[in-house]
Structure formats: structure tokens, C-alpha cells
file input14.pdb (PDB, C-alpha atoms)
ATOM      1  CA  MET Z   1      27.651 -58.972 -71.621
ATOM      2  CA  LYS Z   2      26.871 -56.785 -68.661
ATOM      3  CA  LYS Z   3      28.895 -53.610 -68.499
ATOM      4  CA  GLY Z   4      30.425 -52.259 -65.323
ATOM      5  CA  PHE Z   5      31.181 -48.621 -64.654
ATOM      6  CA  ASP Z   6      33.729 -46.247 -66.048
ATOM      7  CA  PRO Z   7      36.444 -45.327 -63.584
ATOM      8  CA  PHE Z   8      35.379 -42.688 -61.094
ATOM      9  CA  VAL Z   9      38.559 -40.666 -60.743
ATOM     10  CA  PHE Z  10      39.855 -37.130 -60.309
ATOM     11  CA  ASP Z  11      43.153 -35.510 -61.243
ATOM     12  CA  ASN Z  12      44.124 -35.411 -57.567
ATOM     13  CA  SER Z  13      43.118 -39.015 -56.747
ATOM     14  CA  GLU Z  14      45.750 -40.759 -54.624
ATOM     15  CA  ILE Z  15      44.030 -44.010 -53.646
ATOM     16  CA  LEU Z  16      42.317 -46.314 -56.131
ATOM     17  CA  ILE Z  17      39.805 -48.731 -54.629
ATOM     18  CA  LEU Z  18      39.150 -51.683 -56.913
ATOM     19  CA  GLY Z  19      36.168 -53.959 -56.605
ATOM     20  CA  SER Z  20      35.697 -57.097 -58.650
ATOM     21  CA  PHE Z  21      32.517 -56.267 -60.669
ATOM     22  CA  PRO Z  22      29.387 -54.261 -59.747
ATOM     23  CA  SER Z  23      26.570 -56.116 -58.029
ATOM     24  CA  VAL Z  24      23.117 -56.287 -59.581
ATOM     25  CA  LYS Z  25      21.937 -53.577 -57.157
ATOM     26  CA  SER Z  26      24.871 -51.308 -58.032
ATOM     27  CA  ARG Z  27      24.147 -51.752 -61.743
ATOM     28  CA  GLU Z  28      20.484 -50.895 -61.074
ATOM     29  CA  ILE Z  29      21.356 -47.561 -59.478
ATOM     30  CA  ASN Z  30      24.330 -47.070 -61.814
ATOM     31  CA  PHE Z  31      26.987 -46.356 -59.205
ATOM     32  CA  TYR Z  32      29.504 -48.156 -57.065
ATOM     33  CA  TYR Z  33      28.565 -50.032 -53.882
ATOM     34  CA  GLY Z  34      24.840 -49.558 -54.326
ATOM     35  CA  HIS Z  35      23.557 -52.382 -52.142
ATOM     36  CA  PRO Z  36      22.185 -50.767 -48.965
ATOM     37  CA  GLN Z  37      23.789 -53.461 -46.783
ATOM     38  CA  ASN Z  38      27.262 -52.977 -48.261
ATOM     39  CA  ARG Z  39      29.495 -51.335 -45.662
ATOM     40  CA  PHE Z  40      31.598 -49.360 -48.138
ATOM     41  CA  TRP Z  41      30.071 -45.880 -47.742
ATOM     42  CA  LYS Z  42      29.740 -46.276 -43.970
ATOM     43  CA  VAL Z  43      33.427 -47.225 -43.773
ATOM     44  CA  LEU Z  44      34.525 -44.141 -45.720
ATOM     45  CA  ALA Z  45      32.270 -41.866 -43.668
ATOM     46  CA  ASN Z  46      33.440 -43.347 -40.380
ATOM     47  CA  THR Z  47      37.108 -43.219 -41.363
ATOM     48  CA  PHE Z  48      37.004 -39.576 -42.427
ATOM     49  CA  GLU Z  49      34.518 -38.507 -39.717
ATOM     50  CA  GLU Z  50      31.877 -37.502 -42.255
ATOM     51  CA  ASN Z  51      28.159 -38.134 -42.534
ATOM     52  CA  VAL Z  52      27.232 -41.308 -44.386
ATOM     53  CA  PRO Z  53      26.442 -40.164 -47.932
ATOM     54  CA  LYS Z  54      22.847 -40.768 -48.998
ATOM     55  CA  THR Z  55      22.853 -39.750 -52.656
ATOM     56  CA  ILE Z  56      25.188 -40.600 -55.498
ATOM     57  CA  GLU Z  57      26.226 -36.949 -55.599
ATOM     58  CA  ASP Z  58      27.103 -37.064 -51.873
ATOM     59  CA  LYS Z  59      29.168 -40.209 -52.511
ATOM     60  CA  LYS Z  60      31.041 -38.496 -55.328
ATOM     61  CA  VAL Z  61      31.788 -35.471 -53.149
ATOM     62  CA  LEU Z  62      33.095 -37.699 -50.347
ATOM     63  CA  CYS Z  63      35.448 -39.492 -52.731
ATOM     64  CA  GLN Z  64      36.726 -36.306 -54.317
ATOM     65  CA  LYS Z  65      37.297 -34.623 -50.960
ATOM     66  CA  HIS Z  66      39.442 -37.541 -49.792
ATOM     67  CA  LYS Z  67      41.204 -38.162 -53.129
ATOM     68  CA  ILE Z  68      39.680 -41.592 -53.675
ATOM     69  CA  ALA Z  69      39.111 -43.136 -57.100
ATOM     70  CA  LEU Z  70      36.838 -46.124 -57.726
ATOM     71  CA  TRP Z  71      36.862 -48.801 -60.394
ATOM     72  CA  ASP Z  72      36.559 -52.538 -60.829
ATOM     73  CA  VAL Z  73      39.074 -55.107 -62.004
ATOM     74  CA  ILE Z  74      36.469 -56.414 -64.481
ATOM     75  CA  VAL Z  75      34.659 -53.934 -66.754
ATOM     76  CA  SER Z  76      32.271 -56.344 -68.489
ATOM     77  CA  SER Z  77      31.086 -59.871 -67.805
ATOM     78  CA  ASP Z  78      28.339 -62.320 -68.680
ATOM     79  CA  LEU Z  79      27.893 -62.981 -64.940
ATOM     80  CA  ASN Z  80      24.325 -63.643 -63.833
ATOM     81  CA  GLY Z  81      23.560 -62.303 -60.392
ATOM     82  CA  SER Z  82      26.166 -60.840 -58.057
ATOM     83  CA  SER Z  83      28.078 -63.843 -56.780
ATOM     84  CA  ASP Z  84      31.845 -63.447 -56.841
ATOM     85  CA  LEU Z  85      32.025 -67.243 -56.886
ATOM     86  CA  ASN Z  86      30.929 -67.254 -60.525
ATOM     87  CA  LEU Z  87      32.715 -64.125 -61.754
ATOM     88  CA  GLU Z  88      36.066 -65.766 -62.346
ATOM     89  CA  LYS Z  89      34.392 -68.469 -64.471
ATOM     90  CA  SER Z  90      32.445 -65.959 -66.571
ATOM     91  CA  ASN Z  91      33.546 -64.442 -69.852
ATOM     92  CA  PHE Z  92      34.933 -61.070 -68.842
ATOM     93  CA  THR Z  93      36.956 -58.090 -69.955
ATOM     94  CA  PRO Z  94      39.580 -56.733 -67.553
ATOM     95  CA  ALA Z  95      39.941 -53.025 -66.848
ATOM     96  CA  ASP Z  96      42.698 -51.068 -68.570
ATOM     97  CA  LEU Z  97      44.429 -50.202 -65.308
ATOM     98  CA  ASN Z  98      47.727 -49.392 -66.964
ATOM     99  CA  SER Z  99      46.171 -46.519 -68.935
ATOM    100  CA  LEU Z 100      44.324 -45.253 -65.882
ATOM    101  CA  LEU Z 101      47.509 -45.149 -63.823
ATOM    102  CA  ILE Z 102      49.418 -43.411 -66.605
ATOM    103  CA  ASN Z 103      46.688 -40.777 -66.917
ATOM    104  CA  TYR Z 104      46.377 -40.304 -63.137
ATOM    105  CA  PRO Z 105      49.949 -40.390 -61.824
ATOM    106  CA  ASN Z 106      48.959 -39.186 -58.337
ATOM    107  CA  ILE Z 107      47.482 -42.620 -57.589
ATOM    108  CA  THR Z 108      50.092 -44.190 -55.357
ATOM    109  CA  LYS Z 109      48.129 -46.923 -53.611
ATOM    110  CA  ILE Z 110      45.591 -49.494 -54.756
ATOM    111  CA  LEU Z 111      43.183 -51.147 -52.336
ATOM    112  CA  CYS Z 112      41.357 -54.237 -53.561
ATOM    113  CA  ASN Z 113      37.948 -54.567 -51.929
ATOM    114  CA  GLY Z 114      37.921 -58.278 -51.176
ATOM    115  CA  LYS Z 115      39.928 -61.388 -51.959
ATOM    116  CA  LEU Z 116      38.529 -61.930 -55.448
ATOM    117  CA  ALA Z 117      39.390 -58.401 -56.609
ATOM    118  CA  PHE Z 118      42.908 -58.936 -55.249
ATOM    119  CA  LYS Z 119      43.263 -62.383 -56.826
ATOM    120  CA  LEU Z 120      42.092 -61.109 -60.222
ATOM    121  CA  TYR Z 121      44.373 -58.079 -59.920
ATOM    122  CA  GLN Z 122      47.370 -60.342 -59.306
ATOM    123  CA  LYS Z 123      46.394 -62.641 -62.163
ATOM    124  CA  LEU Z 124      45.645 -59.943 -64.743
ATOM    125  CA  PHE Z 125      48.017 -57.075 -63.977
ATOM    126  CA  ASN Z 126      51.695 -56.501 -63.345
ATOM    127  CA  LEU Z 127      51.878 -52.880 -62.237
ATOM    128  CA  ASN Z 128      54.435 -51.150 -60.074
ATOM    129  CA  LYS Z 129      52.068 -49.855 -57.384
ATOM    130  CA  LYS Z 130      51.445 -50.701 -53.758
ATOM    131  CA  VAL Z 131      48.430 -53.038 -53.694
ATOM    132  CA  VAL Z 132      46.652 -54.150 -50.535
ATOM    133  CA  CYS Z 133      44.001 -56.847 -50.183
ATOM    134  CA  MET Z 134      41.266 -55.379 -47.999
ATOM    135  CA  PRO Z 135      38.440 -57.183 -46.225
ATOM    136  CA  SER Z 136      35.394 -57.108 -48.459
ATOM    137  CA  THR Z 137      32.768 -54.549 -47.453
ATOM    138  CA  SER Z 138      30.088 -56.903 -48.795
ATOM    139  CA  PRO Z 139      27.380 -57.945 -46.334
ATOM    140  CA  ALA Z 140      28.353 -61.549 -47.166
ATOM    141  CA  ASN Z 141      31.703 -61.015 -45.368
ATOM    142  CA  THR Z 142      31.056 -61.945 -41.752
ATOM    143  CA  ARG Z 143      34.677 -61.323 -40.693
ATOM    144  CA  PHE Z 144      34.803 -57.641 -41.587
ATOM    145  CA  ASP Z 145      37.307 -55.429 -39.721
ATOM    146  CA  ILE Z 146      36.907 -51.670 -40.174
ATOM    147  CA  ASP Z 147      40.257 -50.942 -38.516
ATOM    148  CA  ILE Z 148      42.126 -52.448 -41.478
ATOM    149  CA  TRP Z 149      40.297 -50.052 -43.800
ATOM    150  CA  LYS Z 150      40.897 -47.072 -41.542
ATOM    151  CA  ASN Z 151      44.613 -47.785 -41.333
ATOM    152  CA  GLU Z 152      45.088 -48.030 -45.106
ATOM    153  CA  LEU Z 153      42.862 -45.056 -45.949
ATOM    154  CA  LEU Z 154      44.476 -42.731 -43.438
ATOM    155  CA  ASN Z 155      48.052 -43.793 -44.174
ATOM    156  CA  LYS Z 156      48.081 -42.958 -47.848
ATOM    157  CA  PHE Z 157      51.694 -43.840 -48.590
TER     158      PHE Z 157
END
call {"tool": "encode", "arguments": {"input": "input14.pdb", "output": "C-alpha cells"}}
result
Amino acid sequence: MKKGFDPFVFDNSEILILGSFPSVKSREINFYYGHPQNRFWKVLANTFEENVPKTIEDKKVLCQKHKIALWDVIVSSDLNGSSDLNLEKSNFTPADLNSLLINYPNITKILCNGKLAFKLYQKLFNLNKKVVCMPSTSPANTRFDIDIWKNELLNKF
């Protein structure tokens, strides 16, 4: 089984962004959204009028400054490669989102990065939080719309 990441969260986190499971590239660098073509960090920087973070430390600072937590719906999987198409068919372990939300009560909104993260969230969890399906920031998503991200990130509640 390949292990994903622990939740990246702060006491003051208000928005939780959930991916499905880390890509091979993200697992190689050991942090979220590690593929250089993924739009995630550019979207956050553009939305909050910040420089695009280059290092993992810069990415952490950006998230903390804007009260953003990161995690994945799936925390371990026997998935080979990075294809979301095969993730749902793999043997996997879901995240313990209930505990996370109990321990971090300031999280009031959950954004699922892509349709699969949202679908798995709906299938695996029944939590009383606002959840929004966002366009995937993956380079494989050719219909990406940054304005949807900006709207949800800037309107926290």
C-alpha cells in the first residue's frame, strides 16, 4: 500500500481542500500538489495576490497565511501510477475526516479538488459541512476555470 500524507492543518484553518490521493510526483517530493504542471499553487497565489510559492516551506506559509488546510479523501491505496480512473477500483483506506473536523472546529468549508475527490467524499462521508466540487487543478483537466476557485476561496462562508 502506498501512503498519502498526513493532514496539513493549523488551529486557525477555515477551508479544507481535499484531493483524491497524491500523485506519484507529489509522493516523490513528499508534499501536496507536487507535479510542476498542476495549477494548484498558481491558483492560490493568483487568488490571494501572492508570489507563486517555489519551495515546500513557501507553500506551507501561503496555506497558513490564508487559513487553508490540505488533505486527501484517501490516505492509503495500492494504486499504481497517478490515474484517478483506477483509484476508485484500488484497495484504499479513507481519511478520518470526522476526527479532523472535530479537532479543527474552525474549518467551515470543504473544497474537493476534482470530481473524483467529490464523488468519494459523498460516498464515504456524511458530515455536516459545506462541500463544493471544484474543477480539478490537474493538468489533465482541459476545462479548468480559475474564477470558480477564486470565488470559493475568497468567500469563505
call {"tool": "resolve_selection", "arguments": {"input": "input14.pdb", "expression": "the PyMOL selection byres ((chain Z and resi 11-15) around 12)", "output": "PyMOL selection string"}}
result
chain Z and resi 7-10+16-18+62-71+100-112+129-132+152-157
call {"tool": "closest_residue", "arguments": {"input": "input14.pdb", "among": "Z:Asn128, Z:Ser76, Z:Asn46, Z:Ser138", "to": "Met1 in chain Z", "atoms": "all atoms listed in the file"}}
result
Z:Ser76
call {"tool": "residues_around", "arguments": {"input": "input14.pdb", "residues": "Val73 in chain Z", "least_positions_apart": "3", "cutoff": "12 Å", "atoms": "all atoms listed in the file", "output": "tab-separated table (two decimals) with C-alpha atoms, keeping the file's coordinate frame"}}
result
chain	number	residue	atom	x	y	z
Z	4	GLY	CA	30.42	-52.26	-65.32
Z	5	PHE	CA	31.18	-48.62	-64.65
Z	6	ASP	CA	33.73	-46.25	-66.05
Z	7	PRO	CA	36.44	-45.33	-63.58
Z	16	LEU	CA	42.32	-46.31	-56.13
Z	17	ILE	CA	39.80	-48.73	-54.63
Z	18	LEU	CA	39.15	-51.68	-56.91
Z	19	GLY	CA	36.17	-53.96	-56.60
Z	20	SER	CA	35.70	-57.10	-58.65
Z	21	PHE	CA	32.52	-56.27	-60.67
Z	22	PRO	CA	29.39	-54.26	-59.75
Z	70	LEU	CA	36.84	-46.12	-57.73
Z	76	SER	CA	32.27	-56.34	-68.49
Z	77	SER	CA	31.09	-59.87	-67.81
Z	87	LEU	CA	32.72	-64.12	-61.75
Z	88	GLU	CA	36.07	-65.77	-62.35
Z	92	PHE	CA	34.93	-61.07	-68.84
Z	93	THR	CA	36.96	-58.09	-69.96
Z	94	PRO	CA	39.58	-56.73	-67.55
Z	95	ALA	CA	39.94	-53.02	-66.85
Z	96	ASP	CA	42.70	-51.07	-68.57
Z	97	LEU	CA	44.43	-50.20	-65.31
Z	98	ASN	CA	47.73	-49.39	-66.96
Z	100	LEU	CA	44.32	-45.25	-65.88
Z	110	ILE	CA	45.59	-49.49	-54.76
Z	111	LEU	CA	43.18	-51.15	-52.34
Z	112	CYS	CA	41.36	-54.24	-53.56
Z	113	ASN	CA	37.95	-54.57	-51.93
Z	114	GLY	CA	37.92	-58.28	-51.18
Z	115	LYS	CA	39.93	-61.39	-51.96
Z	116	LEU	CA	38.53	-61.93	-55.45
Z	117	ALA	CA	39.39	-58.40	-56.61
Z	118	PHE	CA	42.91	-58.94	-55.25
Z	119	LYS	CA	43.26	-62.38	-56.83
Z	120	LEU	CA	42.09	-61.11	-60.22
Z	121	TYR	CA	44.37	-58.08	-59.92
Z	122	GLN	CA	47.37	-60.34	-59.31
Z	123	LYS	CA	46.39	-62.64	-62.16
Z	124	LEU	CA	45.64	-59.94	-64.74
Z	125	PHE	CA	48.02	-57.08	-63.98
call {"tool": "resolve_selection", "arguments": {"input": "input14.pdb", "expression": "the PyMOL selection byres ((chain Z and resi 27) around 12)", "output": "PyMOL selection string"}}
result
chain Z and resi 2-6+21-26+28-35+75-76+81-82
call {"tool": "atom_distance", "arguments": {"input": "input14.pdb", "atom1": "CA of Pro139 in chain Z", "atom2": "CA of Asn38 in chain Z"}}
result
5.3 Å
call {"tool": "resolve_selection", "arguments": {"input": "input14.pdb", "expression": "the PyMOL selection byres ((chain Z and resi 42) around 12)", "output": "short mmCIF file (atom, residue, chain, number, x, y, z; two decimals) with C-alpha atoms, in the coordinates of the input"}}
result
data_model
loop_
_atom_site.label_atom_id
_atom_site.label_comp_id
_atom_site.auth_asym_id
_atom_site.auth_seq_id
_atom_site.Cartn_x
_atom_site.Cartn_y
_atom_site.Cartn_z
CA TYR Z 33 28.56 -50.03 -53.88
CA GLY Z 34 24.84 -49.56 -54.33
CA HIS Z 35 23.56 -52.38 -52.14
CA PRO Z 36 22.18 -50.77 -48.96
CA GLN Z 37 23.79 -53.46 -46.78
CA ASN Z 38 27.26 -52.98 -48.26
CA ARG Z 39 29.50 -51.34 -45.66
CA PHE Z 40 31.60 -49.36 -48.14
CA TRP Z 41 30.07 -45.88 -47.74
CA VAL Z 43 33.43 -47.22 -43.77
CA LEU Z 44 34.52 -44.14 -45.72
CA ALA Z 45 32.27 -41.87 -43.67
CA ASN Z 46 33.44 -43.35 -40.38
CA THR Z 47 37.11 -43.22 -41.36
CA PHE Z 48 37.00 -39.58 -42.43
CA GLU Z 49 34.52 -38.51 -39.72
CA GLU Z 50 31.88 -37.50 -42.26
CA ASN Z 51 28.16 -38.13 -42.53
CA VAL Z 52 27.23 -41.31 -44.39
CA PRO Z 53 26.44 -40.16 -47.93
CA LYS Z 54 22.85 -40.77 -49.00
CA LYS Z 59 29.17 -40.21 -52.51
CA LEU Z 62 33.10 -37.70 -50.35
CA THR Z 137 32.77 -54.55 -47.45
CA SER Z 138 30.09 -56.90 -48.80
CA ILE Z 146 36.91 -51.67 -40.17
CA TRP Z 149 40.30 -50.05 -43.80
CA LYS Z 150 40.90 -47.07 -41.54
#
